[in-house]
2 protein chains.
Amino acid sequence: MNETIAIIGGTGPEGRGLATRLVMAGHTVILGSRDAERGAMIAAELADSLGSRVTAGALRGAANAEACANATLAIVTVPYSAHATTLESLREHLDGKLVIDAAVPVRFERGPRPVDVEAGSATEEAAQLLPNSTVVGAFHNLDAESLLDPEARVDADVLITGSAAGKQRVALLAEQIEGIRAIDAGPLRYSRFVEGITILLIGLNGRHKAHTGVRIAGLPSAE
Amino acid sequence: MNETIAIIGGTGPEGRGLATRLVMAGHTVILGSRDAERGAMIAAELADSLGSRVTAGALRGAANAEACANATLAIVTVPYSAHATTLESLREHLDGKLVIDAAVPVRFERGPRPVDVEAGSATEEAAQLLPNSTVVGAFHNLDAESLLDPEARVDADVLITGSAAGKQRVALLAEQIEGIRAIDAGPLRYSRFVEGITILLIGLNGRHKAHTGVRIAGLPSAE
């Protein structure tokens, strides 16, 4: 099924990286930005760099609200400092839709540090702010630089938290990205652990000059 | 170097599992228990089940305090509910020694749930309680059943947090267990993420009827 995917706060590295892989998988992506012009510009630059890998019209930019209004599902990649206010402002446009939260509550002060979230995790916060959407956590732990390079091999599991129906749709989407295995990581309340892994991976990337991802060993191969 | 390793709270599955692999690697292990007789009994049973895989005298049991007093390093595998009181009571016996904390702040109530730790993580709590020891976090994420079966393949990374000197000694020890790669996961304050992964893995084990471990993809192979 071809989805039209809004990436909220999609002009950052993680948003552009996911957009790269999702248009390569045949979906339509709208890079959302606070500023419609900036969204359009970054989308045009990205489409240009992808050349023939992207079908004409499959990648465009827009203001976050317009991106959400026109999408079948949305992925949240805003910095955590903008998380709550951005989602609140988009509530009506996300009504009845699947929202995949990839935001990580992290701040940088001599290395990455966790930000305490009253709801337990960014994803649970999103679920509270968007009671009429299906909120699922996923895509936190993917290295942006690897996603952005269409020639790079992606080697990672995507850990998905939330309700069963939402997770199934996200798993199908995630596994359309080559090199990715989707794993049902449990209910929303496990999101904090998945978000925490990102902070660990950012630290490893710095310490080992690497682009790391997480893999779960020992799952049945039918997974 | 042959170590004499006290496993504090060593009669549970994780403690016995680590003991199994560490005696197989040629170390001497003392299974510590609140009750010296229970420690001795469980150690004798485990030695018996391991047969010729364990050298005579390489595995014995003792009260936690005696185990620590006679060890060159200690591994903490007590349930989190006993973590602080146990470590406080052993402080003098752990003076100047390396202490590897593998305890996970988890409680079980329809699935595993995190316990909030004021210090941020069990390992940081241990470091506060044992100011004269070198406290390192490691071994949280290893599946106990796989460790306990000497024929089972261990397939996991051990993420190590703490000071550089301590981590190096723990990495050498961890990699003596076949199938394990040791990874420097950063300073003590990252311990909460490593401890959180265990809760995620316990959930995955239940959900997928599996014995999972974590692997970090994308590290330089010289690691």
# chains A, B, ... in the order shown; residues from 1 in each chain; ligands from 1

call {"tool": "interface_residues", "arguments": {"of": "chain A", "to": "chain B", "cutoff": "7 Å", "atoms": "only C-alpha atoms", "output": "CSV table (one decimal) with C-alpha atoms, in the first residue's frame"}}
result
chain,number,residue,atom,x,y,z
A,155,ASP,CA,21.8,-2.8,9.7
A,156,ALA,CA,19.3,-2.4,12.5
A,185,ALA,CA,8.9,-4.4,21.7
A,186,GLY,CA,5.7,-4.2,23.8
A,190,TYR,CA,8.2,0.3,27.2
A,193,PHE,CA,13.7,2.0,27.1
A,196,GLY,CA,17.0,5.4,26.1
A,197,ILE,CA,18.8,3.1,23.6
A,200,LEU,CA,23.4,5.0,24.4
A,203,GLY,CA,27.3,8.0,23.0
A,204,LEU,CA,28.7,4.9,21.3
A,210,ALA,CA,30.9,4.7,14.3
A,211,HIS,CA,27.3,4.6,13.1
A,212,THR,CA,25.7,2.1,15.4
A,213,GLY,CA,22.3,0.4,15.5
A,214,VAL,CA,20.7,-2.1,17.8
A,215,ARG,CA,20.0,-5.7,17.0
A,216,ILE,CA,18.1,-8.2,19.2
A,217,ALA,CA,19.8,-11.6,19.2
A,218,GLY,CA,17.9,-14.8,20.0
A,219,LEU,CA,14.5,-14.2,18.4
A,220,PRO,CA,12.9,-17.0,16.4

call {"tool": "calpha_fit_and_write", "arguments": {"fixed": "chain A", "moving": "chain B", "output": "mmCIF file with C-alpha atoms, in the first residue's frame"}}
result
data_model
loop_
_atom_site.group_PDB
_atom_site.id
_atom_site.type_symbol
_atom_site.label_atom_id
_atom_site.label_comp_id
_atom_site.auth_asym_id
_atom_site.auth_seq_id
_atom_site.Cartn_x
_atom_site.Cartn_y
_atom_site.Cartn_z
ATOM 1 C CA MET B 1 0.007 0.010 0.013
ATOM 2 C CA ASN B 2 1.393 3.369 -0.955
ATOM 3 C CA GLU B 3 1.243 5.741 2.003
ATOM 4 C CA THR B 4 1.478 9.506 2.008
ATOM 5 C CA ILE B 5 3.728 10.176 4.971
ATOM 6 C CA ALA B 6 4.115 13.509 6.746
ATOM 7 C CA ILE B 7 7.419 13.839 8.557
ATOM 8 C CA ILE B 8 6.820 16.394 11.287
ATOM 9 C CA GLY B 9 10.019 18.356 11.828
ATOM 10 C CA GLY B 10 11.278 16.554 8.768
ATOM 11 C CA THR B 11 14.071 18.903 7.741
ATOM 12 C CA GLY B 12 16.591 17.594 10.322
ATOM 13 C CA PRO B 13 18.969 14.690 9.603
ATOM 14 C CA GLU B 14 16.675 11.958 11.020
ATOM 15 C CA GLY B 15 13.652 13.277 9.122
ATOM 16 C CA ARG B 16 15.548 13.593 5.861
ATOM 17 C CA GLY B 17 17.091 10.169 6.400
ATOM 18 C CA LEU B 18 13.735 8.489 6.916
ATOM 19 C CA ALA B 19 12.320 10.429 3.947
ATOM 20 C CA THR B 20 15.164 9.111 1.786
ATOM 21 C CA ARG B 21 14.446 5.495 2.621
ATOM 22 C CA LEU B 22 10.651 5.829 2.473
ATOM 23 C CA VAL B 23 10.578 7.430 -0.966
ATOM 24 C CA MET B 24 13.024 4.742 -2.132
ATOM 25 C CA ALA B 25 10.447 2.208 -0.869
ATOM 26 C CA GLY B 26 7.800 3.790 -3.103
ATOM 27 C CA HIS B 27 5.917 6.012 -0.665
ATOM 28 C CA THR B 28 5.063 9.671 -0.990
ATOM 29 C CA VAL B 29 6.714 11.852 1.647
ATOM 30 C CA ILE B 30 5.907 15.391 2.723
ATOM 31 C CA LEU B 31 8.715 16.981 4.741
ATOM 32 C CA GLY B 32 7.011 19.158 7.325
ATOM 33 C CA SER B 33 8.643 22.244 8.765
ATOM 34 C CA ARG B 34 7.570 25.152 10.935
ATOM 35 C CA ASP B 35 8.250 27.195 7.815
ATOM 36 C CA ALA B 36 6.573 26.044 4.578
ATOM 37 C CA GLU B 37 9.246 27.628 2.379
ATOM 38 C CA ARG B 38 12.042 25.932 4.296
ATOM 39 C CA GLY B 39 10.230 22.594 4.019
ATOM 40 C CA ALA B 40 9.867 23.026 0.271
ATOM 41 C CA MET B 41 13.505 24.036 -0.156
ATOM 42 C CA ILE B 42 14.937 21.117 1.860
ATOM 43 C CA ALA B 43 12.627 18.657 0.099
ATOM 44 C CA ALA B 44 13.746 19.976 -3.309
ATOM 45 C CA GLU B 45 17.400 19.653 -2.305
ATOM 46 C CA LEU B 46 16.871 16.108 -1.059
ATOM 47 C CA ALA B 47 14.924 15.087 -4.190
ATOM 48 C CA ASP B 48 17.731 16.560 -6.250
ATOM 49 C CA SER B 49 20.397 14.546 -4.391
ATOM 50 C CA LEU B 50 18.376 11.357 -4.821
ATOM 51 C CA GLY B 51 18.029 11.856 -8.582
ATOM 52 C CA SER B 52 16.325 8.961 -10.314
ATOM 53 C CA ARG B 53 15.798 7.130 -7.019
ATOM 54 C CA VAL B 54 12.714 9.277 -6.396
ATOM 55 C CA THR B 55 9.673 9.455 -8.668
ATOM 56 C CA ALA B 56 8.606 12.952 -9.678
ATOM 57 C CA GLY B 57 6.230 14.341 -7.059
ATOM 58 C CA ALA B 58 6.976 11.664 -4.441
ATOM 59 C CA LEU B 59 8.872 14.086 -2.206
ATOM 60 C CA ARG B 60 7.750 17.576 -1.340
ATOM 61 C CA GLY B 61 7.842 19.998 1.557
ATOM 62 C CA ALA B 62 5.153 21.901 3.392
ATOM 63 C CA ALA B 63 4.271 23.512 6.691
ATOM 64 C CA ASN B 64 3.797 20.830 9.373
ATOM 65 C CA ALA B 65 0.017 21.388 9.503
ATOM 66 C CA GLU B 66 -0.447 21.092 5.753
ATOM 67 C CA ALA B 67 1.822 18.037 5.642
ATOM 68 C CA CYS B 68 -0.300 16.311 8.310
ATOM 69 C CA ALA B 69 -3.601 17.332 6.720
ATOM 70 C CA ASN B 70 -2.586 15.658 3.456
ATOM 71 C CA ALA B 71 -0.958 12.544 4.886
ATOM 72 C CA THR B 72 -2.239 9.042 5.642
ATOM 73 C CA LEU B 73 0.218 8.765 8.530
ATOM 74 C CA ALA B 74 2.805 10.952 10.256
ATOM 75 C CA ILE B 75 6.263 10.422 11.729
ATOM 76 C CA VAL B 76 7.457 12.775 14.495
ATOM 77 C CA THR B 77 11.145 13.735 14.329
ATOM 78 C CA VAL B 78 11.115 17.122 16.043
ATOM 79 C CA PRO B 79 13.764 17.884 18.687
ATOM 80 C CA TYR B 80 12.298 17.009 22.063
ATOM 81 C CA SER B 81 12.251 20.675 23.112
ATOM 82 C CA ALA B 82 9.580 21.273 20.437
ATOM 83 C CA HIS B 83 7.724 17.978 20.953
ATOM 84 C CA ALA B 84 4.719 18.913 23.081
ATOM 85 C CA THR B 85 3.987 22.305 21.530
ATOM 86 C CA THR B 86 4.280 20.973 17.986
ATOM 87 C CA LEU B 87 1.978 18.015 18.587
ATOM 88 C CA GLU B 88 -0.600 20.149 20.394
ATOM 89 C CA SER B 89 -0.725 22.532 17.452
ATOM 90 C CA LEU B 90 -1.260 19.653 14.997
ATOM 91 C CA ARG B 91 -3.887 17.731 16.952
ATOM 92 C CA GLU B 92 -6.837 18.314 14.607
ATOM 93 C CA HIS B 93 -4.789 17.414 11.525
ATOM 94 C CA LEU B 94 -3.710 14.124 13.099
ATOM 95 C CA ASP B 95 -7.211 13.093 14.191
ATOM 96 C CA GLY B 96 -7.906 9.443 13.374
ATOM 97 C CA LYS B 97 -4.432 8.951 11.911
ATOM 98 C CA LEU B 98 -1.473 6.772 12.743
ATOM 99 C CA VAL B 99 1.320 8.805 14.361
ATOM 100 C CA ILE B 100 4.768 7.229 14.683
ATOM 101 C CA ASP B 101 6.803 9.000 17.336
ATOM 102 C CA ALA B 102 10.575 8.835 16.786
ATOM 103 C CA ALA B 103 11.446 11.762 19.071
ATOM 104 C CA VAL B 104 14.037 11.182 21.793
ATOM 105 C CA PRO B 105 14.034 13.163 25.063
ATOM 106 C CA VAL B 106 17.697 14.125 24.937
ATOM 107 C CA ARG B 107 19.680 17.299 25.451
ATOM 108 C CA PHE B 108 23.342 17.863 24.729
ATOM 109 C CA GLU B 109 25.696 19.099 27.411
ATOM 110 C CA ARG B 110 29.104 17.488 27.132
ATOM 111 C CA GLY B 111 27.521 14.462 25.526
ATOM 112 C CA PRO B 112 23.884 13.383 25.281
ATOM 113 C CA ARG B 113 21.807 13.465 28.455
ATOM 114 C CA PRO B 114 18.252 12.293 29.064
ATOM 115 C CA VAL B 115 15.447 14.764 29.647
ATOM 116 C CA ASP B 116 12.936 13.629 32.271
ATOM 117 C CA VAL B 117 9.468 13.267 30.786
ATOM 118 C CA GLU B 118 6.543 13.301 33.159
ATOM 119 C CA ALA B 119 4.575 10.896 30.958
ATOM 120 C CA GLY B 120 7.461 8.400 31.125
ATOM 121 C CA SER B 121 8.559 8.776 27.519
ATOM 122 C CA ALA B 122 8.101 11.049 24.518
ATOM 123 C CA THR B 123 5.810 8.485 22.919
ATOM 124 C CA GLU B 124 3.519 8.283 25.948
ATOM 125 C CA GLU B 125 3.454 12.077 26.019
ATOM 126 C CA ALA B 126 2.391 12.072 22.366
ATOM 127 C CA ALA B 127 -0.345 9.551 23.132
ATOM 128 C CA GLN B 128 -1.665 11.855 25.882
ATOM 129 C CA LEU B 129 -1.562 14.892 23.597
ATOM 130 C CA LEU B 130 -3.228 13.106 20.659
ATOM 131 C CA PRO B 131 -6.082 11.110 22.186
ATOM 132 C CA ASN B 132 -7.815 10.674 18.820
ATOM 133 C CA SER B 133 -4.746 9.345 16.990
ATOM 134 C CA THR B 134 -3.108 5.903 17.121
ATOM 135 C CA VAL B 135 0.329 6.650 18.573
ATOM 136 C CA VAL B 136 3.144 4.149 18.145
ATOM 137 C CA GLY B 137 6.849 4.502 19.021
ATOM 138 C CA ALA B 138 9.388 3.488 16.355
ATOM 139 C CA PHE B 139 12.420 4.534 14.291
ATOM 140 C CA HIS B 140 14.297 6.111 17.237
ATOM 141 C CA ASN B 141 17.413 4.019 16.935
ATOM 142 C CA LEU B 142 18.297 4.419 13.260
ATOM 143 C CA ASP B 143 21.485 6.255 12.421
ATOM 144 C CA ALA B 144 20.574 9.347 10.395
ATOM 145 C CA GLU B 145 23.764 9.407 8.337
ATOM 146 C CA SER B 146 23.300 5.812 7.209
ATOM 147 C CA LEU B 147 19.689 6.519 6.239
ATOM 148 C CA LEU B 148 20.710 9.628 4.310
ATOM 149 C CA ASP B 149 23.251 7.840 2.138
ATOM 150 C CA PRO B 150 21.188 5.774 -0.321
ATOM 151 C CA GLU B 151 24.221 3.542 -0.934
ATOM 152 C CA ALA B 152 24.846 2.817 2.763
ATOM 153 C CA ARG B 153 23.774 -0.491 4.245
ATOM 154 C CA VAL B 154 21.227 -0.141 7.020
ATOM 155 C CA ASP B 155 21.820 -2.802 9.679
ATOM 156 C CA ALA B 156 19.339 -2.413 12.515
ATOM 157 C CA ASP B 157 16.212 -3.594 14.238
ATOM 158 C CA VAL B 158 13.315 -1.192 14.659
ATOM 159 C CA LEU B 159 11.732 -1.648 18.085
ATOM 160 C CA ILE B 160 8.040 -0.778 17.999
ATOM 161 C CA THR B 161 5.865 0.045 21.005
ATOM 162 C CA GLY B 162 2.133 0.646 21.228
ATOM 163 C CA SER B 163 -1.178 -0.997 20.406
ATOM 164 C CA ALA B 164 -1.301 -4.113 18.248
ATOM 165 C CA ALA B 165 -3.018 -2.647 15.174
ATOM 166 C CA GLY B 166 -0.710 0.353 14.989
ATOM 167 C CA LYS B 167 2.420 -1.750 15.459
ATOM 168 C CA GLN B 168 1.480 -4.083 12.635
ATOM 169 C CA ARG B 169 1.147 -1.229 10.146
ATOM 170 C CA VAL B 170 4.452 0.282 11.303
ATOM 171 C CA ALA B 171 6.218 -3.091 11.063
ATOM 172 C CA LEU B 172 5.132 -3.473 7.430
ATOM 173 C CA LEU B 173 6.386 0.039 6.688
ATOM 174 C CA ALA B 174 9.714 -0.394 8.517
ATOM 175 C CA GLU B 175 10.553 -3.663 6.775
ATOM 176 C CA GLN B 176 10.215 -2.004 3.382
ATOM 177 C CA ILE B 177 13.530 -0.336 4.242
ATOM 178 C CA GLU B 178 16.258 -2.771 3.246
ATOM 179 C CA GLY B 179 18.310 -4.065 6.159
ATOM 180 C CA ILE B 180 15.640 -3.427 8.771
ATOM 181 C CA ARG B 181 13.823 -5.984 10.886
ATOM 182 C CA ALA B 182 10.770 -4.799 12.809
ATOM 183 C CA ILE B 183 10.276 -6.098 16.358
ATOM 184 C CA ASP B 184 7.214 -5.805 18.546
ATOM 185 C CA ALA B 185 8.851 -4.376 21.673
ATOM 186 C CA GLY B 186 5.712 -4.221 23.794
ATOM 187 C CA PRO B 187 3.219 -1.680 25.095
ATOM 188 C CA LEU B 188 3.625 2.105 25.086
ATOM 189 C CA ARG B 189 5.099 2.069 28.599
ATOM 190 C CA TYR B 190 8.219 0.332 27.220
ATOM 191 C CA SER B 191 8.927 3.330 24.987
ATOM 192 C CA ARG B 192 11.244 4.875 27.561
ATOM 193 C CA PHE B 193 13.682 1.977 27.140
ATOM 194 C CA VAL B 194 13.670 2.243 23.360
ATOM 195 C CA GLU B 195 14.196 6.002 23.573
ATOM 196 C CA GLY B 196 17.016 5.394 26.073
ATOM 197 C CA ILE B 197 18.825 3.110 23.640
ATOM 198 C CA THR B 198 19.183 6.068 21.283
ATOM 199 C CA ILE B 199 21.129 8.007 23.908
ATOM 200 C CA LEU B 200 23.375 4.995 24.422
ATOM 201 C CA LEU B 201 23.925 4.717 20.651
ATOM 202 C CA ILE B 202 24.701 8.437 20.289
ATOM 203 C CA GLY B 203 27.315 7.948 23.011
ATOM 204 C CA LEU B 204 28.742 4.868 21.274
ATOM 205 C CA ASN B 205 28.875 6.717 17.944
ATOM 206 C CA GLY B 206 30.964 9.453 19.510
ATOM 207 C CA ARG B 207 33.178 7.146 21.542
ATOM 208 C CA HIS B 208 33.825 4.650 18.756
ATOM 209 C CA LYS B 209 33.574 6.946 15.696
ATOM 210 C CA ALA B 210 30.870 4.686 14.352
ATOM 211 C CA HIS B 211 27.294 4.593 13.081
ATOM 212 C CA THR B 212 25.675 2.106 15.393
ATOM 213 C CA GLY B 213 22.294 0.444 15.503
ATOM 214 C CA VAL B 214 20.722 -2.094 17.801
ATOM 215 C CA ARG B 215 20.006 -5.737 17.026
ATOM 216 C CA ILE B 216 18.133 -8.195 19.226
ATOM 217 C CA ALA B 217 19.769 -11.635 19.208
ATOM 218 C CA GLY B 218 17.910 -14.849 19.974
ATOM 219 C CA LEU B 219 14.522 -14.162 18.405
ATOM 220 C CA PRO B 220 12.915 -16.964 16.369
ATOM 221 C CA SER B 221 14.031 -16.495 12.759
ATOM 222 C CA ALA B 222 10.417 -16.402 11.563
ATOM 223 C CA GLU B 223 10.234 -13.020 13.290
#

call {"tool": "select_by_dssp", "arguments": {"residues": "chain A", "states": "strand (DSSP E)", "output": "number ranges by chain"}}
result
A: 4-8, 28-33, 59-63, 73-76, 98-101, 106-108, 112-114, 134-137, 156-161, 180-186, 213-217

call {"tool": "select_by_dssp", "arguments": {"residues": "range 12-172 of chain B", "states": "helix (DSSP H, G or I)", "output": "PyMOL selection string"}}
result
chain B and resi 13-24+36-53+64-69+80-94+122-129+144-148+164-172

call {"tool": "decode", "arguments": {"residues": "range 95-107 of chain B", "atoms": "all heavy atoms", "output": "mmCIF file, in the first residue's frame"}}
result
data_model
loop_
_atom_site.group_PDB
_atom_site.id
_atom_site.type_symbol
_atom_site.label_atom_id
_atom_site.label_comp_id
_atom_site.auth_asym_id
_atom_site.auth_seq_id
_atom_site.Cartn_x
_atom_site.Cartn_y
_atom_site.Cartn_z
ATOM 1 N N ASP B 95 35.925 -2.962 50.114
ATOM 2 C CA ASP B 95 36.873 -1.846 50.095
ATOM 3 C C ASP B 95 38.046 -2.119 49.148
ATOM 4 O O ASP B 95 38.695 -3.155 49.237
ATOM 5 C CB ASP B 95 37.420 -1.663 51.514
ATOM 6 C CG ASP B 95 37.255 -0.236 51.976
ATOM 7 O OD1 ASP B 95 36.143 0.292 51.847
ATOM 8 O OD2 ASP B 95 38.266 0.337 52.434
ATOM 9 N N GLY B 96 38.265 -1.177 48.224
ATOM 10 C CA GLY B 96 39.431 -1.292 47.334
ATOM 11 C C GLY B 96 39.243 -2.296 46.217
ATOM 12 O O GLY B 96 40.154 -2.509 45.415
ATOM 13 N N LYS B 97 38.077 -2.924 46.140
ATOM 14 C CA LYS B 97 37.865 -3.970 45.136
ATOM 15 C C LYS B 97 37.021 -3.487 43.964
ATOM 16 O O LYS B 97 36.316 -2.483 44.043
ATOM 17 C CB LYS B 97 37.199 -5.191 45.774
ATOM 18 C CG LYS B 97 38.129 -5.896 46.751
ATOM 19 C CD LYS B 97 37.538 -7.134 47.392
ATOM 20 C CE LYS B 97 38.584 -7.691 48.384
ATOM 21 N NZ LYS B 97 38.030 -8.749 49.223
ATOM 22 N N LEU B 98 37.106 -4.250 42.891
ATOM 23 C CA LEU B 98 36.245 -4.016 41.735
ATOM 24 C C LEU B 98 34.879 -4.662 41.997
ATOM 25 O O LEU B 98 34.806 -5.848 42.349
ATOM 26 C CB LEU B 98 36.887 -4.632 40.485
ATOM 27 C CG LEU B 98 36.062 -4.591 39.198
ATOM 28 C CD1 LEU B 98 35.825 -3.169 38.727
ATOM 29 C CD2 LEU B 98 36.765 -5.397 38.093
ATOM 30 N N VAL B 99 33.821 -3.886 41.833
ATOM 31 C CA VAL B 99 32.461 -4.403 42.020
ATOM 32 C C VAL B 99 31.695 -4.213 40.708
ATOM 33 O O VAL B 99 31.545 -3.091 40.221
ATOM 34 C CB VAL B 99 31.736 -3.655 43.163
ATOM 35 C CG1 VAL B 99 30.289 -4.147 43.297
ATOM 36 C CG2 VAL B 99 32.491 -3.845 44.474
ATOM 37 N N ILE B 100 31.231 -5.306 40.139
ATOM 38 C CA ILE B 100 30.476 -5.260 38.889
ATOM 39 C C ILE B 100 28.998 -5.379 39.231
ATOM 40 O O ILE B 100 28.545 -6.408 39.718
ATOM 41 C CB ILE B 100 30.890 -6.424 37.964
ATOM 42 C CG1 ILE B 100 32.403 -6.420 37.741
ATOM 43 C CG2 ILE B 100 30.130 -6.328 36.637
ATOM 44 C CD1 ILE B 100 32.919 -7.661 37.003
ATOM 45 N N ASP B 101 28.251 -4.316 38.975
ATOM 46 C CA ASP B 101 26.829 -4.355 39.330
ATOM 47 C C ASP B 101 26.014 -4.823 38.119
ATOM 48 O O ASP B 101 26.049 -4.210 37.056
ATOM 49 C CB ASP B 101 26.350 -2.977 39.802
ATOM 50 C CG ASP B 101 25.078 -3.087 40.640
ATOM 51 O OD1 ASP B 101 24.366 -4.107 40.508
ATOM 52 O OD2 ASP B 101 24.805 -2.178 41.438
ATOM 53 N N ALA B 102 25.297 -5.928 38.299
ATOM 54 C CA ALA B 102 24.429 -6.468 37.249
ATOM 55 C C ALA B 102 22.968 -6.414 37.671
ATOM 56 O O ALA B 102 22.100 -6.976 37.012
ATOM 57 C CB ALA B 102 24.836 -7.910 36.943
ATOM 58 N N ALA B 103 22.684 -5.710 38.774
ATOM 59 C CA ALA B 103 21.307 -5.657 39.284
ATOM 60 C C ALA B 103 20.449 -4.748 38.403
ATOM 61 O O ALA B 103 20.926 -3.757 37.864
ATOM 62 C CB ALA B 103 21.308 -5.137 40.721
ATOM 63 N N VAL B 104 19.190 -5.100 38.261
ATOM 64 C CA VAL B 104 18.266 -4.333 37.424
ATOM 65 C C VAL B 104 17.090 -3.859 38.282
ATOM 66 O O VAL B 104 16.439 -4.677 38.937
ATOM 67 C CB VAL B 104 17.742 -5.192 36.255
ATOM 68 C CG1 VAL B 104 16.695 -4.430 35.451
ATOM 69 C CG2 VAL B 104 18.897 -5.616 35.352
ATOM 70 N N PRO B 105 16.825 -2.553 38.300
ATOM 71 C CA PRO B 105 15.697 -2.042 39.088
ATOM 72 C C PRO B 105 14.378 -2.375 38.398
ATOM 73 O O PRO B 105 13.847 -1.589 37.634
ATOM 74 C CB PRO B 105 15.920 -0.525 39.132
ATOM 75 C CG PRO B 105 17.243 -0.276 38.473
ATOM 76 C CD PRO B 105 17.560 -1.486 37.647
ATOM 77 N N VAL B 106 13.878 -3.553 38.666
ATOM 78 C CA VAL B 106 12.654 -4.035 38.026
ATOM 79 C C VAL B 106 11.769 -4.695 39.075
ATOM 80 O O VAL B 106 12.251 -5.265 40.054
ATOM 81 C CB VAL B 106 12.992 -5.039 36.886
ATOM 82 C CG1 VAL B 106 13.716 -6.270 37.409
ATOM 83 C CG2 VAL B 106 11.756 -5.450 36.092
ATOM 84 N N ARG B 107 10.463 -4.540 38.900
ATOM 85 C CA ARG B 107 9.523 -5.301 39.717
ATOM 86 C C ARG B 107 8.527 -5.939 38.749
ATOM 87 O O ARG B 107 8.404 -5.507 37.593
ATOM 88 C CB ARG B 107 8.810 -4.383 40.728
ATOM 89 C CG ARG B 107 7.939 -3.336 40.078
ATOM 90 C CD ARG B 107 7.416 -2.334 41.091
ATOM 91 N NE ARG B 107 6.702 -1.279 40.383
ATOM 92 C CZ ARG B 107 5.408 -1.350 40.026
ATOM 93 N NH1 ARG B 107 4.682 -2.413 40.347
ATOM 94 N NH2 ARG B 107 4.840 -0.374 39.354
#
